[in-house]
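Text of the file start.txt, holding compact mmCIF, N, CA and C atoms:
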```txt
# COMPACT_ATOMS: atom_id res chain seq x y z
N MET A 228 -15.22 5.00 -12.43
CA MET A 228 -14.45 3.76 -12.42
C MET A 228 -14.66 3.10 -11.06
N ASN A 229 -15.04 1.82 -11.08
CA ASN A 229 -15.20 1.12 -9.81
C ASN A 229 -14.13 0.06 -9.56
N LYS A 230 -13.19 -0.10 -10.52
CA LYS A 230 -12.06 -1.02 -10.37
C LYS A 230 -10.82 -0.37 -10.97
N ASN A 231 -9.69 -0.64 -10.37
CA ASN A 231 -8.43 -0.09 -10.85
C ASN A 231 -7.32 -1.08 -10.53
N LYS A 232 -6.60 -1.52 -11.55
CA LYS A 232 -5.54 -2.51 -11.36
C LYS A 232 -4.26 -2.01 -12.02
N LEU A 233 -3.18 -1.99 -11.25
CA LEU A 233 -1.88 -1.53 -11.73
C LEU A 233 -0.81 -2.55 -11.33
N THR A 234 0.23 -2.64 -12.14
CA THR A 234 1.32 -3.58 -11.86
C THR A 234 2.65 -2.89 -12.11
N THR A 235 3.64 -3.26 -11.30
CA THR A 235 5.00 -2.78 -11.52
C THR A 235 5.98 -3.88 -11.16
N ILE A 236 7.16 -3.79 -11.73
CA ILE A 236 8.25 -4.72 -11.43
C ILE A 236 9.27 -3.95 -10.59
N ILE A 237 9.63 -4.52 -9.44
CA ILE A 237 10.58 -3.88 -8.52
C ILE A 237 11.79 -4.77 -8.37
N LYS A 238 12.95 -4.20 -8.55
CA LYS A 238 14.20 -4.96 -8.47
C LYS A 238 14.67 -5.07 -7.02
N LYS A 239 13.86 -5.77 -6.26
CA LYS A 239 14.17 -6.10 -4.86
C LYS A 239 13.50 -7.43 -4.56
N PRO A 240 14.04 -8.19 -3.61
CA PRO A 240 13.42 -9.46 -3.23
C PRO A 240 12.00 -9.26 -2.69
N ILE A 241 11.17 -10.25 -2.87
CA ILE A 241 9.77 -10.17 -2.48
C ILE A 241 9.61 -9.81 -1.00
N LYS A 242 10.45 -10.36 -0.14
CA LYS A 242 10.37 -10.08 1.30
C LYS A 242 10.54 -8.60 1.58
N GLU A 243 11.48 -7.95 0.92
CA GLU A 243 11.71 -6.51 1.13
C GLU A 243 10.54 -5.68 0.63
N VAL A 244 10.00 -6.04 -0.51
CA VAL A 244 8.86 -5.30 -1.06
C VAL A 244 7.64 -5.45 -0.15
N PHE A 245 7.36 -6.66 0.28
CA PHE A 245 6.24 -6.92 1.17
C PHE A 245 6.39 -6.13 2.47
N GLU A 246 7.53 -6.26 3.12
CA GLU A 246 7.74 -5.59 4.40
C GLU A 246 7.67 -4.06 4.27
N PHE A 247 8.18 -3.53 3.18
CA PHE A 247 8.13 -2.08 2.97
C PHE A 247 6.70 -1.60 2.81
N THR A 248 5.90 -2.31 2.03
CA THR A 248 4.55 -1.83 1.73
C THR A 248 3.57 -2.02 2.89
N ILE A 249 3.80 -2.96 3.79
CA ILE A 249 2.88 -3.11 4.92
C ILE A 249 3.27 -2.23 6.10
N ASN A 250 4.45 -1.64 6.07
CA ASN A 250 4.92 -0.80 7.17
C ASN A 250 4.32 0.60 7.06
N PRO A 251 3.48 1.02 8.03
CA PRO A 251 2.84 2.32 7.94
C PRO A 251 3.81 3.49 7.98
N ASP A 252 5.01 3.28 8.49
CA ASP A 252 6.01 4.35 8.51
C ASP A 252 6.52 4.69 7.11
N ASN A 253 6.24 3.85 6.13
CA ASN A 253 6.72 4.08 4.77
C ASN A 253 5.68 4.67 3.83
N THR A 254 4.43 4.63 4.20
CA THR A 254 3.36 5.00 3.27
C THR A 254 3.54 6.40 2.69
N HIS A 255 3.85 7.37 3.53
CA HIS A 255 3.99 8.76 3.05
C HIS A 255 5.18 8.93 2.10
N LYS A 256 6.08 7.98 2.08
CA LYS A 256 7.26 8.08 1.21
C LYS A 256 6.92 7.82 -0.25
N TRP A 257 5.80 7.16 -0.50
CA TRP A 257 5.46 6.84 -1.89
C TRP A 257 4.04 7.21 -2.28
N ILE A 258 3.17 7.50 -1.32
CA ILE A 258 1.82 7.98 -1.64
C ILE A 258 1.76 9.45 -1.24
N SER A 259 1.83 10.33 -2.22
CA SER A 259 1.95 11.76 -1.94
C SER A 259 0.76 12.33 -1.18
N GLY A 260 -0.41 11.73 -1.28
CA GLY A 260 -1.59 12.25 -0.59
C GLY A 260 -1.66 11.88 0.88
N ILE A 261 -0.78 11.02 1.36
CA ILE A 261 -0.80 10.58 2.76
C ILE A 261 0.26 11.33 3.55
N ALA A 262 -0.17 11.97 4.63
CA ALA A 262 0.77 12.68 5.50
C ALA A 262 1.29 11.76 6.60
N LYS A 263 0.42 10.89 7.11
CA LYS A 263 0.80 10.02 8.21
C LYS A 263 -0.08 8.78 8.19
N GLU A 264 0.53 7.66 8.55
CA GLU A 264 -0.23 6.42 8.69
C GLU A 264 0.28 5.69 9.92
N LYS A 265 -0.62 5.00 10.60
CA LYS A 265 -0.25 4.23 11.79
C LYS A 265 -1.16 3.00 11.87
N THR A 266 -0.76 2.05 12.70
CA THR A 266 -1.60 0.87 12.95
C THR A 266 -1.90 0.79 14.44
N ASN A 267 -2.92 0.01 14.77
CA ASN A 267 -3.25 -0.18 16.18
C ASN A 267 -2.43 -1.29 16.82
N GLU A 268 -1.64 -1.99 16.02
CA GLU A 268 -0.78 -3.06 16.56
C GLU A 268 0.31 -3.41 15.56
N TRP A 269 1.38 -3.95 16.09
CA TRP A 269 2.48 -4.43 15.24
C TRP A 269 3.04 -5.66 15.90
N PRO A 270 3.28 -6.72 15.20
CA PRO A 270 3.18 -6.86 13.76
C PRO A 270 1.71 -6.91 13.31
N VAL A 271 1.55 -6.64 12.03
CA VAL A 271 0.23 -6.63 11.40
C VAL A 271 -0.31 -8.05 11.33
N ARG A 272 -1.62 -8.18 11.50
CA ARG A 272 -2.31 -9.48 11.37
C ARG A 272 -3.71 -9.20 10.84
N ILE A 273 -4.46 -10.21 10.54
CA ILE A 273 -5.86 -10.02 10.15
C ILE A 273 -6.57 -9.35 11.32
N GLY A 274 -7.30 -8.29 11.02
CA GLY A 274 -7.98 -7.52 12.06
C GLY A 274 -7.25 -6.24 12.45
N THR A 275 -5.98 -6.11 12.07
CA THR A 275 -5.24 -4.88 12.36
C THR A 275 -5.92 -3.71 11.65
N ILE A 276 -5.93 -2.56 12.33
CA ILE A 276 -6.51 -1.35 11.76
C ILE A 276 -5.39 -0.39 11.38
N TYR A 277 -5.37 0.01 10.11
CA TYR A 277 -4.49 1.07 9.63
C TYR A 277 -5.30 2.37 9.66
N SER A 278 -4.71 3.42 10.17
CA SER A 278 -5.34 4.74 10.16
C SER A 278 -4.41 5.67 9.41
N ASN A 279 -4.98 6.48 8.51
CA ASN A 279 -4.14 7.46 7.81
C ASN A 279 -4.93 8.73 7.58
N ARG A 280 -4.16 9.78 7.32
CA ARG A 280 -4.79 11.07 6.99
C ARG A 280 -3.95 11.76 5.93
N GLY A 281 -4.64 12.55 5.13
CA GLY A 281 -3.96 13.33 4.10
C GLY A 281 -3.32 14.57 4.69
N LYS A 282 -2.57 15.27 3.89
CA LYS A 282 -1.84 16.45 4.36
C LYS A 282 -2.74 17.55 4.89
N ASN A 283 -3.93 17.69 4.34
CA ASN A 283 -4.86 18.73 4.79
C ASN A 283 -6.04 18.19 5.57
N ASP A 284 -6.01 16.92 5.88
CA ASP A 284 -7.12 16.29 6.59
C ASP A 284 -6.92 16.35 8.10
N LYS A 285 -8.01 16.58 8.80
CA LYS A 285 -7.96 16.55 10.26
C LYS A 285 -8.43 15.20 10.79
N GLU A 286 -9.27 14.53 10.01
CA GLU A 286 -9.80 13.24 10.42
C GLU A 286 -8.98 12.10 9.82
N TRP A 287 -8.96 11.00 10.52
CA TRP A 287 -8.25 9.80 10.09
C TRP A 287 -9.20 8.86 9.38
N GLY A 288 -8.76 8.28 8.25
CA GLY A 288 -9.49 7.21 7.60
C GLY A 288 -9.01 5.89 8.17
N GLU A 289 -9.90 4.91 8.29
CA GLU A 289 -9.50 3.62 8.86
C GLU A 289 -9.74 2.49 7.88
N TYR A 290 -8.80 1.54 7.89
CA TYR A 290 -8.82 0.39 6.99
C TYR A 290 -8.45 -0.84 7.80
N GLU A 291 -9.24 -1.90 7.64
CA GLU A 291 -8.98 -3.14 8.37
C GLU A 291 -8.31 -4.16 7.47
N VAL A 292 -7.31 -4.84 7.99
CA VAL A 292 -6.68 -5.94 7.27
C VAL A 292 -7.64 -7.12 7.30
N ILE A 293 -8.07 -7.57 6.12
CA ILE A 293 -9.00 -8.71 6.08
C ILE A 293 -8.37 -9.95 5.44
N LYS A 294 -7.17 -9.78 4.89
CA LYS A 294 -6.43 -10.93 4.35
C LYS A 294 -4.95 -10.58 4.45
N LEU A 295 -4.16 -11.52 4.89
CA LEU A 295 -2.72 -11.30 5.01
C LEU A 295 -2.00 -12.62 4.83
N GLU A 296 -1.27 -12.73 3.73
CA GLU A 296 -0.44 -13.90 3.46
C GLU A 296 0.97 -13.37 3.21
N THR A 297 1.87 -13.65 4.11
CA THR A 297 3.23 -13.11 4.04
C THR A 297 3.84 -13.35 2.68
N ASN A 298 4.34 -12.28 2.09
CA ASN A 298 5.01 -12.28 0.79
C ASN A 298 4.10 -12.70 -0.37
N LYS A 299 2.77 -12.68 -0.15
CA LYS A 299 1.85 -13.07 -1.22
C LYS A 299 0.74 -12.06 -1.42
N SER A 300 0.05 -11.69 -0.35
CA SER A 300 -1.14 -10.86 -0.50
C SER A 300 -1.43 -10.08 0.77
N PHE A 301 -1.99 -8.88 0.57
CA PHE A 301 -2.33 -7.98 1.67
C PHE A 301 -3.59 -7.23 1.25
N LEU A 302 -4.71 -7.46 1.95
CA LEU A 302 -6.00 -6.90 1.56
C LEU A 302 -6.57 -6.06 2.69
N LEU A 303 -6.95 -4.83 2.35
CA LEU A 303 -7.53 -3.89 3.30
C LEU A 303 -8.93 -3.51 2.86
N ARG A 304 -9.79 -3.24 3.85
CA ARG A 304 -11.15 -2.76 3.56
C ARG A 304 -11.39 -1.51 4.42
N ARG A 305 -11.83 -0.42 3.76
CA ARG A 305 -12.12 0.81 4.49
C ARG A 305 -13.29 0.58 5.44
N ASP A 306 -13.34 1.38 6.49
CA ASP A 306 -14.37 1.19 7.51
C ASP A 306 -15.79 1.38 6.99
N ASP A 307 -15.96 1.98 5.80
CA ASP A 307 -17.30 2.09 5.22
C ASP A 307 -17.74 0.80 4.52
N LEU A 308 -16.86 -0.19 4.47
CA LEU A 308 -17.08 -1.51 3.87
C LEU A 308 -17.26 -1.47 2.36
N ASN A 309 -17.05 -0.32 1.74
CA ASN A 309 -17.24 -0.18 0.30
C ASN A 309 -15.91 -0.28 -0.46
N TYR A 310 -14.90 0.41 0.03
CA TYR A 310 -13.61 0.48 -0.67
C TYR A 310 -12.69 -0.65 -0.20
N HIS A 311 -12.02 -1.30 -1.16
CA HIS A 311 -11.06 -2.38 -0.89
C HIS A 311 -9.79 -2.12 -1.69
N VAL A 312 -8.67 -2.56 -1.14
CA VAL A 312 -7.41 -2.51 -1.88
C VAL A 312 -6.60 -3.76 -1.54
N GLU A 313 -6.07 -4.38 -2.59
CA GLU A 313 -5.26 -5.58 -2.39
C GLU A 313 -3.93 -5.43 -3.10
N TYR A 314 -2.88 -5.76 -2.37
CA TYR A 314 -1.53 -5.83 -2.92
C TYR A 314 -1.22 -7.31 -3.11
N THR A 315 -0.77 -7.67 -4.30
CA THR A 315 -0.39 -9.05 -4.57
C THR A 315 1.07 -9.06 -5.01
N TYR A 316 1.84 -9.96 -4.43
CA TYR A 316 3.28 -10.02 -4.66
C TYR A 316 3.62 -11.34 -5.35
N ARG A 317 4.46 -11.26 -6.39
CA ARG A 317 4.89 -12.46 -7.09
C ARG A 317 6.40 -12.35 -7.33
N SER A 318 7.12 -13.36 -6.90
CA SER A 318 8.57 -13.38 -7.10
C SER A 318 8.87 -13.77 -8.55
N ILE A 319 9.62 -12.92 -9.21
CA ILE A 319 10.06 -13.23 -10.58
C ILE A 319 11.37 -14.02 -10.52
N ASP A 320 12.25 -13.58 -9.64
CA ASP A 320 13.47 -14.31 -9.31
C ASP A 320 13.90 -13.84 -7.93
N GLU A 321 15.09 -14.24 -7.47
CA GLU A 321 15.52 -13.92 -6.10
C GLU A 321 15.60 -12.43 -5.81
N SER A 322 15.78 -11.62 -6.83
CA SER A 322 15.96 -10.19 -6.60
C SER A 322 14.94 -9.30 -7.30
N THR A 323 13.86 -9.89 -7.79
CA THR A 323 12.87 -9.11 -8.53
C THR A 323 11.45 -9.56 -8.15
N THR A 324 10.59 -8.56 -7.94
CA THR A 324 9.22 -8.81 -7.52
C THR A 324 8.24 -8.09 -8.43
N GLU A 325 7.16 -8.77 -8.76
CA GLU A 325 6.05 -8.12 -9.44
C GLU A 325 5.01 -7.78 -8.37
N LEU A 326 4.63 -6.51 -8.31
CA LEU A 326 3.61 -6.05 -7.37
C LEU A 326 2.39 -5.62 -8.16
N THR A 327 1.24 -6.17 -7.81
CA THR A 327 -0.02 -5.75 -8.41
C THR A 327 -0.84 -5.06 -7.34
N TYR A 328 -1.33 -3.89 -7.69
CA TYR A 328 -2.18 -3.09 -6.82
C TYR A 328 -3.57 -3.09 -7.43
N PHE A 329 -4.55 -3.57 -6.68
CA PHE A 329 -5.92 -3.65 -7.19
C PHE A 329 -6.85 -3.01 -6.18
N GLU A 330 -7.57 -1.97 -6.61
CA GLU A 330 -8.52 -1.31 -5.73
C GLU A 330 -9.90 -1.35 -6.38
N TRP A 331 -10.94 -1.46 -5.55
CA TRP A 331 -12.29 -1.50 -6.08
C TRP A 331 -13.28 -1.04 -5.02
N VAL A 332 -14.45 -0.63 -5.50
CA VAL A 332 -15.56 -0.28 -4.63
C VAL A 332 -16.77 -1.10 -5.06
N LYS A 333 -17.61 -1.42 -4.10
CA LYS A 333 -18.83 -2.16 -4.40
C LYS A 333 -19.87 -1.22 -5.02
N ASN A 334 -19.92 0.01 -4.54
CA ASN A 334 -20.90 0.98 -5.01
C ASN A 334 -20.21 2.29 -5.38
N GLY A 335 -20.63 2.89 -6.48
CA GLY A 335 -20.10 4.19 -6.89
C GLY A 335 -18.77 4.07 -7.61
N ASP A 336 -17.99 5.15 -7.55
CA ASP A 336 -16.69 5.22 -8.19
C ASP A 336 -15.58 5.39 -7.16
N ILE A 337 -14.39 4.97 -7.50
CA ILE A 337 -13.23 5.15 -6.64
C ILE A 337 -12.89 6.64 -6.60
N GLU A 338 -12.75 7.17 -5.39
CA GLU A 338 -12.34 8.57 -5.24
C GLU A 338 -10.82 8.63 -5.35
N GLY A 339 -10.31 9.34 -6.34
CA GLY A 339 -8.86 9.48 -6.51
C GLY A 339 -8.14 8.16 -6.70
N PRO A 340 -8.49 7.39 -7.71
CA PRO A 340 -7.81 6.11 -7.92
C PRO A 340 -6.31 6.30 -8.13
N PHE A 341 -5.55 5.30 -7.69
CA PHE A 341 -4.11 5.32 -7.93
C PHE A 341 -3.85 5.39 -9.42
N LYS A 342 -2.76 6.03 -9.76
CA LYS A 342 -2.28 6.07 -11.13
C LYS A 342 -0.93 5.36 -11.17
N GLN A 343 -0.48 5.02 -12.34
CA GLN A 343 0.80 4.31 -12.47
C GLN A 343 1.94 5.10 -11.85
N ASP A 344 1.84 6.43 -11.85
CA ASP A 344 2.88 7.28 -11.24
C ASP A 344 3.12 6.91 -9.78
N THR A 345 2.06 6.55 -9.06
CA THR A 345 2.20 6.20 -7.65
C THR A 345 3.03 4.93 -7.49
N LEU A 346 2.74 3.92 -8.31
CA LEU A 346 3.54 2.69 -8.24
C LEU A 346 4.95 2.92 -8.74
N ASN A 347 5.12 3.81 -9.70
CA ASN A 347 6.47 4.14 -10.17
C ASN A 347 7.28 4.78 -9.05
N LYS A 348 6.63 5.63 -8.24
CA LYS A 348 7.33 6.25 -7.11
C LYS A 348 7.71 5.18 -6.09
N LEU A 349 6.80 4.26 -5.81
CA LEU A 349 7.12 3.16 -4.90
C LEU A 349 8.34 2.40 -5.39
N LYS A 350 8.37 2.08 -6.66
CA LYS A 350 9.49 1.37 -7.27
C LYS A 350 10.80 2.12 -7.05
N VAL A 351 10.80 3.41 -7.31
CA VAL A 351 12.01 4.23 -7.16
C VAL A 351 12.45 4.28 -5.70
N VAL A 352 11.50 4.49 -4.79
CA VAL A 352 11.83 4.60 -3.37
C VAL A 352 12.41 3.30 -2.83
N ILE A 353 11.83 2.17 -3.20
CA ILE A 353 12.34 0.88 -2.71
C ILE A 353 13.69 0.53 -3.35
N GLU A 354 13.82 0.78 -4.62
CA GLU A 354 15.06 0.41 -5.31
C GLU A 354 16.22 1.34 -4.97
N ASN A 355 15.96 2.57 -4.57
CA ASN A 355 17.01 3.56 -4.32
C ASN A 355 16.84 4.24 -2.97
N PRO A 356 16.84 3.51 -1.87
CA PRO A 356 16.55 4.12 -0.56
C PRO A 356 17.56 5.19 -0.14
N ILE A 357 18.78 5.12 -0.60
CA ILE A 357 19.79 6.09 -0.20
C ILE A 357 19.49 7.48 -0.75
N LYS A 358 18.77 7.56 -1.86
CA LYS A 358 18.43 8.86 -2.45
C LYS A 358 17.36 9.61 -1.68
N PHE A 359 16.71 8.94 -0.73
CA PHE A 359 15.58 9.55 -0.03
C PHE A 359 15.90 9.77 1.44
N ASN A 360 15.31 10.82 1.99
CA ASN A 360 15.45 11.11 3.41
C ASN A 360 14.45 10.25 4.16
N TRP A 361 14.90 9.18 4.78
CA TRP A 361 13.99 8.24 5.43
C TRP A 361 13.42 8.76 6.74
N SER A 362 13.87 9.89 7.22
CA SER A 362 13.37 10.39 8.49
C SER A 362 12.08 11.17 8.35
N ASN A 363 11.59 11.40 7.13
CA ASN A 363 10.34 12.15 6.94
C ASN A 363 9.15 11.38 7.44
```
Can you dump the structure from the file as structure tokens?
Amino acid sequence: MNKNKLTTIIKKPIKEVFEFTINPDNTHKWISGIAKEKTNEWPVRIGTIYSNRGKNDKEWGEYEVIKLETNKSFLLRRDDLNYHVEYTYRSIDESTTELTYFEWVKNGDIEGPFKQDTLNKLKVVIENPIKFNWSN
């Protein structure tokens, strides 16, 4: 598979969903394969580098922000220039957001593509923050 597109509806305002998903301190809360993520600068802008590593990884993967439209779109490209991921946000009403996650590669297949379970976890974590230990 060289393309993967998933969508979920989150019962939170678009601003909250956007801010949660671009914050590297939150990534491990909803992507089980990520142990830690950080950026080289904050606030995020085009050119910002996100670095993350998995729970058993010693090396960091790097992703550059190549598109950023507040509350609309967030596009990252891995340092190999092959893998891309874009988050698109659409307000359904004042308290509900549609989030589309689209990942693709120019060559080959996506390694470990996201599944709907990952977006479902994001939805649960954002909608019910009190149920989770935010200090992890």
Check the DSSP output for the backbone and give back, as number ranges by chain, the residues of chain A in strand (DSSP E).
A: 230-237, 261-266, 276-281, 288-296, 300-305, 310-320, 323-332
Interatomic distance (Å, one decimal) between atom CA of A:Ile241 and atom CA of A:Thr266
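For atom CA of A:Ile241 relative to atom CA of A:Thr266, the distance reads 22.1 Å.
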Figure out the distance between atom C of A:Asn279 and atom C of A:Lys239, please, to one decimal in Å.
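Separation of atom C of A:Lys239 and atom C of A:Asn279: 27.4 Å.
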If I take atom C of A:Ile276 and atom CA of A:Lys238, how far is one from the other in Å, to one decimal?
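We find that atom C of A:Ile276 and atom CA of A:Lys238 lie 28.3 Å from each other.
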Write out as a ChimeraX atom specification each polymer residue whose atoms come within 7 Å of A:Glu313, counting only N, CA and C atoms; drop sequence neighbours fewer than 3 positions from it.
/A:300-303,327-331
Writing out the chosen residues with N, CA and C atoms as a short mmCIF file (atom, residue, chain, number, x, y, z; two decimals), in the frame of the given file:
```
data_model
loop_
_atom_site.label_atom_id
_atom_site.label_comp_id
_atom_site.auth_asym_id
_atom_site.auth_seq_id
_atom_site.Cartn_x
_atom_site.Cartn_y
_atom_site.Cartn_z
N SER A 300 0.05 -11.69 -0.35
CA SER A 300 -1.14 -10.86 -0.50
C SER A 300 -1.43 -10.08 0.77
N PHE A 301 -1.99 -8.88 0.57
CA PHE A 301 -2.33 -7.98 1.67
C PHE A 301 -3.59 -7.23 1.25
N LEU A 302 -4.71 -7.46 1.95
CA LEU A 302 -6.00 -6.90 1.56
C LEU A 302 -6.57 -6.06 2.69
N LEU A 303 -6.95 -4.83 2.35
CA LEU A 303 -7.53 -3.89 3.30
C LEU A 303 -8.93 -3.51 2.86
N THR A 327 1.24 -6.17 -7.81
CA THR A 327 -0.02 -5.75 -8.41
C THR A 327 -0.84 -5.06 -7.34
N TYR A 328 -1.33 -3.89 -7.69
CA TYR A 328 -2.18 -3.09 -6.82
C TYR A 328 -3.57 -3.09 -7.43
N PHE A 329 -4.55 -3.57 -6.68
CA PHE A 329 -5.92 -3.65 -7.19
C PHE A 329 -6.85 -3.01 -6.18
N GLU A 330 -7.57 -1.97 -6.61
CA GLU A 330 -8.52 -1.31 -5.73
C GLU A 330 -9.90 -1.35 -6.38
N TRP A 331 -10.94 -1.46 -5.55
CA TRP A 331 -12.29 -1.50 -6.08
C TRP A 331 -13.28 -1.04 -5.02
#
```
Excluding same-chain residues fewer than 2 positions from A:Lys242, what lies within 8 Å of it counting all atoms listed in the file, as a ChimeraX atom specification?
/A:239-240,244-248,297-298,318,321,324
Can you tell me, as a list of chain:residue names, what residues are no more than 7 Å from stretch 345-348 of chain A when counting only N, CA and C atoms, ignoring any on the same chain fewer than 2 positions away?
A:Thr234, A:Thr235, A:Lys256, A:Trp257, A:Ile258, A:Ser259, A:Phe341, A:Lys342, A:Gln343, A:Lys350, A:Val351, A:Val352, A:Ile353
Could you give me, as a PyMOL selection string, the residues within 10 Å of A:Glu338, counting only C-alpha atoms and dropping anything in the same chain fewer than 5 positions from it?
chain A and resi 228-229+310+332
Report the residues of stretch 253-327 of chain A whose backbone DSSP state falls under alpha helix (DSSP H), written as a count of residues only.
4
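Closest approach to A:Lys263 among A:Tyr314, A:Leu233, A:Gly281, A:Gly339 is made by A:Gly281 (distances from only N, CA and C atoms).
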Restricting the calculation to only C-alpha atoms, which member of A:Asn309, A:Thr315, A:Asn355, A:Ser278 is positioned closest to A:Lys230?
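For A:Lys230, the nearest of the given residues is A:Asn309.
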Any idea what's packed within 5 Å of A:Tyr290, counting only N, CA and C atoms, ignoring anything in its chain fewer than 4 positions away? Could you give it as an MDAnalysis selection string?
chainID A and resid 276:277 304:306
Nearest residue to A:Tyr316 from the set A:Thr275, A:Lys232, A:Asn267, A:Ile237 (distances using only C-alpha atoms):
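Smallest distance to A:Tyr316 is found for A:Ile237.
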Between A:Pro251, A:Pro356, A:Asn283, A:Asp320, which one has atoms that come closest to A:Pro270, using only C-alpha atoms?
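Using only C-alpha atoms, A:Pro270 sits closest to A:Pro251.
Residue nearest A:Arg317 within the list A:Lys333, A:Glu286, A:Ile249, A:Lys299: A:Lys299 [criterion: smallest interatomic distance, all atoms listed in the file].
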